[in-house]
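target.txt (compact mmCIF, C-alpha atoms)
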# COMPACT_ATOMS: atom_id res chain seq x y z
CA THR A 1 0.00 0.00 0.00
CA THR A 2 0.97 3.66 -0.22
CA LEU A 3 1.26 3.88 3.56
CA GLY A 4 3.69 0.97 3.56
CA PHE A 5 5.91 2.61 0.96
CA VAL A 6 5.77 5.97 2.74
CA LEU A 7 6.88 4.39 6.01
CA LEU A 8 9.56 2.36 4.20
CA GLN A 9 10.79 5.51 2.48
CA ARG A 10 11.12 7.27 5.83
CA LEU A 11 12.97 4.32 7.36
CA VAL A 12 15.34 3.94 4.41
CA ARG A 13 16.00 7.67 4.30
CA ARG A 14 17.03 7.72 7.94
CA HIS A 15 19.37 4.75 7.74
CA GLN A 16 20.59 4.69 4.12
CA GLY A 17 20.20 8.25 2.89
CA VAL A 18 18.18 10.25 0.40
CA ASP A 19 19.34 8.32 -2.68
CA ALA A 20 17.93 5.09 -1.25
CA ALA A 21 14.68 6.87 -0.45
CA ARG A 22 14.45 7.97 -4.08
CA SER A 23 14.76 4.35 -5.15
CA VAL A 24 11.88 3.43 -2.84
CA PHE A 25 9.78 6.20 -4.39
CA SER A 26 10.55 4.93 -7.90
CA ASN A 27 9.79 1.35 -6.88
CA ALA A 28 6.49 2.42 -5.34
CA ARG A 29 5.43 4.11 -8.58
CA ARG A 30 6.23 0.94 -10.50
CA THR A 31 4.57 -1.41 -8.03
CA LEU A 32 1.41 0.33 -6.91
CA GLN A 33 -1.63 0.51 -9.15
CA VAL A 34 -3.13 3.69 -10.59
CA ARG A 35 -6.83 4.14 -10.00
CA GLU A 36 -8.93 4.34 -13.14
CA GLU A 37 -10.25 7.77 -12.19
CA ASP A 38 -6.66 8.97 -11.69
CA LEU A 39 -5.59 8.21 -15.23
CA SER A 40 -4.69 11.41 -17.06
CA SER A 41 -3.99 11.92 -20.74
CA GLU A 42 -0.29 11.32 -20.04
CA ASN A 43 -1.08 7.86 -18.65
CA GLU A 44 -2.70 6.67 -21.87
CA ASP A 45 -1.63 6.49 -25.50
CA GLY A 46 -3.79 7.19 -28.50
CA ASN A 47 -5.43 3.78 -28.26
CA GLY A 48 -6.36 4.28 -24.60
CA VAL A 49 -3.72 1.84 -23.38
CA SER A 50 -2.33 2.71 -19.97
CA ALA A 51 1.27 3.81 -20.03
CA ALA A 52 1.79 1.97 -16.76
CA THR A 53 1.46 -1.32 -18.60
CA LYS A 54 4.01 -0.29 -21.21
CA GLN A 55 6.59 1.55 -19.14
CA LYS A 56 8.02 0.39 -15.85
CA ASP A 57 10.33 3.32 -15.19
CA GLY A 58 10.73 5.11 -11.89
CA ILE A 59 10.69 8.75 -13.01
CA ASN A 60 10.91 9.74 -16.67
CA LYS A 61 13.73 11.89 -17.97
CA ASP A 62 11.58 14.94 -18.54
CA GLU A 63 9.60 14.70 -15.32
CA THR A 64 11.98 15.67 -12.54
CA ASN A 65 15.63 16.29 -11.76
CA ASP A 66 18.06 16.53 -8.93
CA ASP A 67 19.88 19.84 -9.11
CA GLY A 68 19.12 22.97 -7.20
CA ASP A 69 17.86 25.05 -10.11
CA GLY A 70 15.48 22.40 -11.43
CA LYS A 71 17.40 21.81 -14.68
CA GLY A 72 19.64 19.14 -16.06
CA ALA A 73 20.25 16.15 -13.81
CA ILE A 74 17.81 13.33 -13.36
CA LEU A 75 16.75 11.72 -10.14
CA PRO A 76 18.32 8.28 -9.63
CA GLN A 77 16.07 5.50 -10.72
CA ASN A 78 16.06 1.75 -11.09
CA ARG A 79 15.02 0.70 -14.57
CA MET A 80 13.64 -2.75 -15.19
CA VAL A 81 14.95 -4.32 -18.39
CA MET A 82 12.64 -6.91 -19.88
CA ASN A 83 13.76 -9.63 -22.26
CA ARG A 84 11.42 -9.23 -25.22
CA LEU A 85 12.09 -12.76 -26.38
CA GLY A 86 11.73 -14.38 -22.99
CA THR A 87 8.89 -16.57 -21.83
CA SER A 88 5.65 -15.09 -20.52
CA ALA A 89 6.06 -16.62 -17.07
CA GLU A 90 7.95 -13.66 -15.66
CA GLY A 91 5.44 -11.22 -17.09
CA GLU A 92 2.56 -13.17 -15.58
CA ASP A 93 4.25 -13.17 -12.18
CA GLU A 94 4.81 -9.44 -12.40
CA ASN A 95 1.21 -8.79 -13.41
CA ALA A 96 -0.03 -10.92 -10.53
CA GLN A 97 2.18 -9.01 -8.10
CA GLN A 98 0.95 -5.66 -9.37
CA ALA A 99 -2.67 -6.80 -9.23
CA SER A 100 -2.25 -7.65 -5.55
CA ALA A 101 -0.68 -4.27 -4.76
CA GLY A 102 -2.61 -1.32 -3.44
CA PHE A 103 -3.29 1.96 -5.18
CA ILE A 104 -1.16 5.09 -5.35
CA THR A 105 -2.47 7.98 -3.28
CA TRP A 106 -1.27 11.57 -3.11
CA HIS A 107 0.65 10.84 0.11
CA LEU A 108 3.43 9.07 -1.80
CA TYR A 109 4.29 12.17 -3.84
CA ALA A 110 3.85 14.59 -0.94
CA ALA A 111 6.09 12.52 1.33
CA HIS A 112 8.88 12.32 -1.22
CA ALA A 113 8.59 16.01 -2.08
CA THR A 114 8.97 16.79 1.61
CA ILE A 115 12.19 14.77 1.75
CA GLU A 116 13.61 16.55 -1.31
CA HIS A 117 12.56 19.91 0.08
CA HIS A 118 13.75 19.72 3.67
CA LEU A 119 16.57 17.17 3.55
CA SER A 120 18.03 17.57 0.08
CA LYS A 121 17.43 21.34 0.28
CA LYS A 122 16.12 21.32 -3.27
CA PRO A 123 12.67 22.92 -3.20
CA LYS A 124 12.49 23.23 -7.00
CA VAL A 125 12.91 19.48 -7.32
CA ALA A 126 10.15 19.06 -4.74
CA ALA A 127 7.92 21.35 -6.80
CA ARG A 128 8.51 19.19 -9.89
CA ILE A 129 7.52 16.10 -7.90
CA TYR A 130 4.27 17.75 -6.86
CA GLU A 131 3.61 18.71 -10.47
CA LEU A 132 4.44 15.17 -11.58
CA GLY A 133 1.72 13.90 -9.26
CA LEU A 134 -0.77 16.31 -10.79
CA ARG A 135 0.13 15.21 -14.31
CA LYS A 136 -0.04 11.49 -13.61
CA HIS A 137 -3.09 11.47 -11.31
CA ARG A 138 -5.91 13.77 -12.34
CA THR A 139 -7.84 13.56 -9.06
CA PHE A 140 -4.89 14.96 -7.08
CA LEU A 141 -5.88 18.39 -8.39
CA SER A 142 -9.21 18.15 -6.57
CA THR A 143 -7.55 16.86 -3.39
CA PRO A 144 -7.23 19.94 -1.14
CA PRO A 145 -4.47 18.67 1.22
CA TYR A 146 -2.17 17.82 -1.70
CA VAL A 147 -2.81 21.14 -3.44
CA LEU A 148 -2.31 23.12 -0.23
CA HIS A 149 1.01 21.39 0.53
CA TYR A 150 2.16 22.22 -3.00
CA ALA A 151 0.90 25.80 -2.61
CA ASN A 152 2.89 26.18 0.61
CA LEU A 153 6.05 25.21 -1.28
CA LEU A 154 5.34 27.65 -4.12
CA LEU A 155 4.77 30.42 -1.61
CA GLU A 156 8.15 29.67 -0.05
CA LEU A 157 9.69 29.87 -3.53
CA ASN A 158 7.94 33.23 -3.98
CA ASP A 159 6.43 31.88 -7.19
CA GLU A 160 3.16 33.78 -7.02
CA GLU A 161 2.28 33.32 -10.68
CA ASN A 162 2.37 29.52 -10.52
CA LEU A 163 0.76 29.60 -7.08
CA ARG A 164 -2.23 31.52 -8.40
CA SER A 165 -2.42 29.19 -11.41
CA LEU A 166 -2.38 26.15 -9.12
CA LEU A 167 -5.17 27.50 -6.92
CA MET A 168 -7.31 28.44 -9.91
CA ARG A 169 -6.85 24.99 -11.45
CA ALA A 170 -7.65 23.32 -8.13
CA VAL A 171 -10.88 25.17 -7.39
CA ALA A 172 -12.02 24.58 -10.98
CA ALA A 173 -11.32 20.85 -10.53
CA CYS A 174 -13.30 20.87 -7.28
CA GLU A 175 -16.22 22.54 -9.05
CA GLU A 176 -16.07 19.93 -11.80
CA GLU A 177 -16.02 17.13 -9.22
CA GLU A 178 -19.02 18.65 -7.45
CA ALA A 179 -20.95 18.89 -10.71
CA SER A 180 -20.20 15.28 -11.66
CA SER A 181 -20.83 13.80 -8.21
CA GLY A 182 -24.52 13.34 -9.01
CA GLY A 183 -26.66 11.89 -6.26
CA SER A 184 -24.01 11.18 -3.67
CA ASP A 185 -25.22 10.79 -0.12
CA GLU A 186 -25.50 13.96 1.92
CA ALA A 187 -22.87 12.92 4.44
CA ALA A 188 -20.27 12.43 1.69
CA ILE A 189 -21.15 15.77 0.12
CA ALA A 190 -20.87 17.58 3.46
CA ARG A 191 -17.53 15.92 4.20
CA ARG A 192 -16.15 16.80 0.77
CA ARG A 193 -17.24 20.41 1.10
CA GLU A 194 -15.64 20.77 4.51
CA MET A 195 -12.37 19.40 3.10
CA GLN A 196 -12.58 21.96 0.31
CA ARG A 197 -13.32 24.90 2.61
CA PRO A 198 -9.65 25.64 3.53
CA LEU A 199 -8.74 25.60 -0.17
CA TRP A 200 -11.47 28.06 -1.09
CA ASP A 201 -10.62 30.27 1.89
CA MET A 202 -6.95 30.44 0.86
CA MET A 203 -7.93 31.10 -2.76
CA LEU A 204 -10.13 34.01 -1.69
CA LYS A 205 -7.48 35.47 0.61
CA PHE A 206 -4.69 35.08 -1.92
CA GLU A 207 -6.80 36.68 -4.66
CA SER A 208 -7.60 39.63 -2.40
CA ILE A 209 -3.89 40.14 -1.68
CA LEU A 210 -2.94 40.07 -5.36
CA SER A 211 -5.84 42.31 -6.30
CA SER A 212 -4.91 44.89 -3.68
CA ARG A 213 -1.46 45.18 -5.26
CA GLY A 214 -2.63 45.70 -8.82
CA SER A 215 -3.79 49.00 -10.21
CA ASN A 216 -5.57 47.57 -13.25
CA GLY A 217 -8.86 45.78 -13.54
CA ASN A 218 -11.92 45.74 -11.34
CA ILE A 219 -10.65 44.53 -7.97
CA SER A 220 -14.10 44.34 -6.41
CA ALA A 221 -15.46 42.27 -9.29
CA ASP A 222 -12.56 39.81 -9.14
CA ILE A 223 -13.04 39.13 -5.43
CA SER A 224 -16.82 39.02 -5.82
CA SER A 225 -16.49 36.37 -8.53
CA ILE A 226 -14.29 34.16 -6.34
CA GLU A 227 -16.60 34.66 -3.36
CA SER A 228 -19.65 33.66 -5.40
CA ARG A 229 -17.94 30.52 -6.67
CA ARG A 230 -16.80 29.68 -3.14
CA ARG A 231 -20.30 30.01 -1.77
CA ARG A 232 -21.82 27.83 -4.48
CA ALA A 233 -19.15 25.18 -3.89
CA LEU A 234 -19.53 25.11 -0.10
CA TYR A 235 -23.26 25.67 0.33
CA GLY A 236 -24.82 24.69 -2.97
CA PRO A 237 -26.22 26.89 -5.73
CA GLY A 238 -29.61 27.52 -4.09
CA ASN A 239 -28.62 27.95 -0.45
CA GLU A 240 -29.17 31.24 1.34
CA ASP A 241 -28.84 32.15 4.99
CA VAL A 242 -32.16 33.10 6.48
CA VAL A 243 -32.98 35.28 9.40
CA MET A 244 -33.68 33.91 12.88
CA GLY A 245 -31.67 30.77 12.07
CA GLY A 246 -34.58 29.05 10.34
CA GLU A 247 -34.53 27.30 7.00
CA ILE A 248 -38.12 28.09 5.98
CA ALA A 249 -40.25 31.20 6.15
CA PRO A 250 -42.62 31.56 9.13
CA ASP A 251 -46.24 30.71 8.41
CA GLU A 252 -48.94 33.38 8.32
CA GLU A 253 -49.90 32.91 11.97
CA GLU A 254 -46.30 33.36 13.11
CA ASP A 255 -45.95 36.37 10.83
CA ARG A 256 -49.05 38.05 12.34
CA ASN A 257 -47.93 37.36 15.89
CA LEU A 258 -44.32 38.30 15.34
CA GLY A 259 -44.64 41.79 16.83
CA SER A 260 -47.22 41.02 19.50
CA GLY A 261 -46.64 40.25 23.12
CA ALA A 262 -43.25 41.15 24.56
CA GLN A 263 -41.40 43.92 22.78
CA LYS A 264 -39.21 42.59 19.99
CA ASN A 265 -35.79 44.18 19.94
CA SER A 266 -34.09 41.80 17.53
CA LEU A 267 -32.88 43.45 14.34
CA ASN A 268 -33.87 40.34 12.42
CA GLU A 269 -37.43 40.55 13.66
CA GLN A 270 -37.62 44.25 12.89
CA LEU A 271 -36.42 43.56 9.36
CA ILE A 272 -39.14 40.96 8.90
CA ARG A 273 -41.84 43.34 10.11
CA VAL A 274 -40.65 46.24 7.95
CA GLU A 275 -39.31 44.57 4.81
CA GLY A 276 -40.96 41.18 4.78
CA TYR A 277 -39.34 37.78 5.12
CA ASP A 278 -37.80 37.50 1.65
CA VAL A 279 -36.15 40.91 1.66
CA ALA A 280 -34.99 40.50 5.27
CA SER A 281 -33.41 37.16 4.42
CA ARG A 282 -31.51 38.67 1.49
CA ILE A 283 -30.23 41.49 3.69
CA ALA A 284 -29.11 39.10 6.43
CA ASN A 285 -27.55 36.80 3.87
CA GLY A 286 -25.63 39.65 2.21
CA MET A 287 -24.32 40.99 5.51
CA ALA A 288 -23.22 37.52 6.63
CA ARG A 289 -21.39 36.99 3.35
CA MET A 290 -19.67 40.37 3.63
CA VAL A 291 -18.46 39.65 7.16
CA ASP A 292 -17.30 36.20 6.04
CA VAL A 293 -15.22 37.68 3.20
CA LEU A 294 -13.74 40.43 5.36
CA THR A 295 -12.75 37.88 8.01
CA ILE A 296 -11.11 35.50 5.53
CA THR A 297 -9.22 38.23 3.69
CA GLY A 298 -7.91 39.74 6.92
CA ALA A 299 -9.74 43.05 6.57
CA ILE A 300 -11.16 42.44 10.04
CA GLY A 301 -9.65 40.35 12.79
CA ASN A 302 -5.86 40.23 12.87
CA GLY A 303 -5.61 42.69 9.98
CA ASP A 304 -2.92 40.76 8.08
CA SER A 305 -3.21 41.43 4.37
CA ASP A 306 0.04 40.22 2.81
CA THR A 307 1.45 36.88 1.73
CA SER A 308 3.11 36.38 5.13
CA SER A 309 -0.38 35.80 6.53
CA LEU A 310 -1.02 32.90 4.14
CA ASP A 311 -0.58 29.68 6.09
CA PHE A 312 -1.14 26.94 3.54
CA ALA A 313 0.36 24.30 5.84
CA ALA A 314 -2.26 25.00 8.51
CA ALA A 315 -4.96 24.98 5.84
CA ALA A 316 -3.76 21.56 4.65
CA ALA A 317 -3.94 20.23 8.22
CA ALA A 318 -7.45 21.65 8.59
CA SER A 319 -8.54 19.96 5.37
CA LEU A 320 -7.15 16.63 6.55
CA ALA A 321 -8.92 17.02 9.89
CA ALA A 322 -12.19 17.75 8.10
CA GLY A 323 -11.74 14.47 6.23
CA GLY A 324 -11.15 12.61 9.48
CA THR A 325 -7.46 11.93 8.80
CA SER A 326 -4.58 12.81 11.10
CA SER A 327 -1.45 14.22 9.48
CA ASP A 328 0.64 12.47 12.16
CA VAL A 329 0.31 9.13 10.35
CA TRP A 330 1.73 10.47 7.10
CA GLY A 331 4.04 13.20 8.34
CA ASP A 332 7.77 12.96 8.85
CA GLU A 333 8.94 14.93 11.84
CA CYS A 334 12.54 14.74 10.65
CA ALA A 335 11.72 16.11 7.22
CA GLY A 336 9.77 19.22 8.12

As structure tokens - that is how I would like this structure written.
Amino acid sequence: TTLGFVLLQRLVRRHQGVDAARSVFSNARRTLQVREEDLSSENEDGNGVSAATKQKDGINKDETNDDGDGKGAILPQNRMVMNRLGTSAEGEDENAQQASAGFITWHLYAAHATIEHHLSKKPKVAARIYELGLRKHRTFLSTPPYVLHYANLLLELNDEENLRSLLMRAVAACEEEEASSGGSDEAAIARRREMQRPLWDMMLKFESILSSRGSNGNISADISSIESRRRRALYGPGNEDVVMGGEIAPDEEEDRNLGSGAQKNSLNEQLIRVEGYDVASRIANGMARMVDVLTITGAIGNGDSDTSSLDFAAAAAASLAAGGTSSDVWGDECAG
């Protein structure tokens, strides 16, 4: 399984060094299966045949490298040479072994990128490993913890252009996943949305920071567009906050008795009496959304409004917690 290879990689790295850990990473990519939904265009040829069945390499030449500037050298890898004229027995054994193996998850790439980043001191190589995962496994882009870990690295590299591109691609992938999810059960939808919340929050905050720097374009419209997409993704296209914490309008009897009896001092109740339920709900909804945006962007609260206030690592941990997974199982305390 991926967990087994991640733990083996950590153990080998501690006792045999980074080069040995790279070999474990390459071996894991050869051994573990790729989920059908993770297959990207790079995993298949023109006939729809999976590249994993045709190529048993660790990391391809053009996928990642091992120097500090991200150019030139290639990560060590163990290539398997097959005898084309040999019997089919070895191939059958290999296929049986691969069929019994688990599936690759995003943790394998994130764990190895962490080793390259913090131990090899080569963050650009780590960034290429993250990007390799996105190219080879399409669902990684809609996996908030993976994207947020990658975003944290890009922020450290001060690569704001690619960071913004990554976040935009990720939220678009999340929207596509939401649209194609169909009639999933409500618990799964709620869990997925809570995992996506930190990603959308960081996207909104990052966009507000970039917009505040620029002098061109409609800043308010840009932020409003992201906020609208965020709200649809997290609450659904037809959801609106309503006054008094209810989900349906009060019936006629409640509406007539709303101002009777004890004096009503609630602003919500006054809005209902003066404006009616529908208008009052829209006002309350708009104010709640405005406060939400101002809090996320740092306009209120701690007041931080620069990239130093972007904590993608904490957002990744929050997304994992929302999914019911502890980062302690997958983390490596000696590698950052």

*asked:* Please compute the atom CA of A:Asn158-atom CA of A:Phe312 distance, one decimal, in Å.
replied: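 Computing it gives 13.4 Å between the two atoms.
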
*May I ask for the distance between atom CA of A:Met195 and atom CA of A:Gly323, given in Å to one decimal place?*
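Between atom CA of A:Met195 and atom CA of A:Gly323 the gap works out to 5.9 Å.
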
*Residues at most 7 Å from stretch 9-14 of chain A, counting only C-alpha atoms, excluding those fewer than 5 positions away in the same chain, as a ChimeraX atom specification?*
/A:20-21,24-25

Write out as a short mmCIF file (atom, residue, chain, number, x, y, z; two decimals) with C-alpha atoms, keeping the file's coordinate frame which residues come within 10 Å of A:Phe140 when counting only C-alpha atoms, dropping same-chain ones fewer than 3 positions away.
data_model
loop_
_atom_site.label_atom_id
_atom_site.label_comp_id
_atom_site.auth_asym_id
_atom_site.auth_seq_id
_atom_site.Cartn_x
_atom_site.Cartn_y
_atom_site.Cartn_z
CA ASP A 38 -6.66 8.97 -11.69
CA THR A 105 -2.47 7.98 -3.28
CA TRP A 106 -1.27 11.57 -3.11
CA HIS A 107 0.65 10.84 0.11
CA TYR A 130 4.27 17.75 -6.86
CA GLU A 131 3.61 18.71 -10.47
CA GLY A 133 1.72 13.90 -9.26
CA LEU A 134 -0.77 16.31 -10.79
CA ARG A 135 0.13 15.21 -14.31
CA LYS A 136 -0.04 11.49 -13.61
CA HIS A 137 -3.09 11.47 -11.31
CA THR A 143 -7.55 16.86 -3.39
CA PRO A 144 -7.23 19.94 -1.14
CA PRO A 145 -4.47 18.67 1.22
CA TYR A 146 -2.17 17.82 -1.70
CA VAL A 147 -2.81 21.14 -3.44
CA ALA A 170 -7.65 23.32 -8.13
CA ALA A 173 -11.32 20.85 -10.53
#

*Atom-to-atom span, atom CA of A:Gly298 and atom CA of A:Lys205, Å*: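 Those two atoms sit 7.6 Å apart.
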
*Which protein, DNA or RNA residues are at most 12 Å from (14.3, 24.8, -2.7) in the file's coordinates when you count all atoms listed in the file, listed as a ChimeraX atom specification?*
/A:66-70,113-128,152-159

*Got a sec: who's within 12 Å of A:Ala190, counting only C-alpha atoms, leaving out chain neighbours fewer than 2 positions off, as a list of chain:residue names?*
A:Glu178, A:Ser184, A:Asp185, A:Glu186, A:Ala187, A:Ala188, A:Arg192, A:Arg193, A:Glu194, A:Met195, A:Gln196, A:Arg197, A:Ala233, A:Leu234, A:Tyr235, A:Gly236, A:Ala322, A:Gly323

*Closest to A:Ala101 among A:Leu39, A:Leu132, A:Leu167, A:Leu32, using all atoms listed in the file?*
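Distance minimum relative to A:Ala101 lands on A:Leu32.
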
*asked:* Taking all atoms listed in the file into account, name the residue in A:Glu207, A:Thr139, A:Phe5, A:Pro198 that is nearest to A:Ser165.
replied: A:Glu207

*Near A:Arg232, within 12 Å and counting only C-alpha atoms, which residues show up once chain neighbours fewer than 5 positions away are dropped, as a list in words?*
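The filter keeps Val171, Cys174, Glu175, Glu178, Ala179, Arg193, Gln196, Arg197, Trp200, Ser225, Ile226, Glu227, Pro237, Gly238, Asn239 and Glu240 of chain A.
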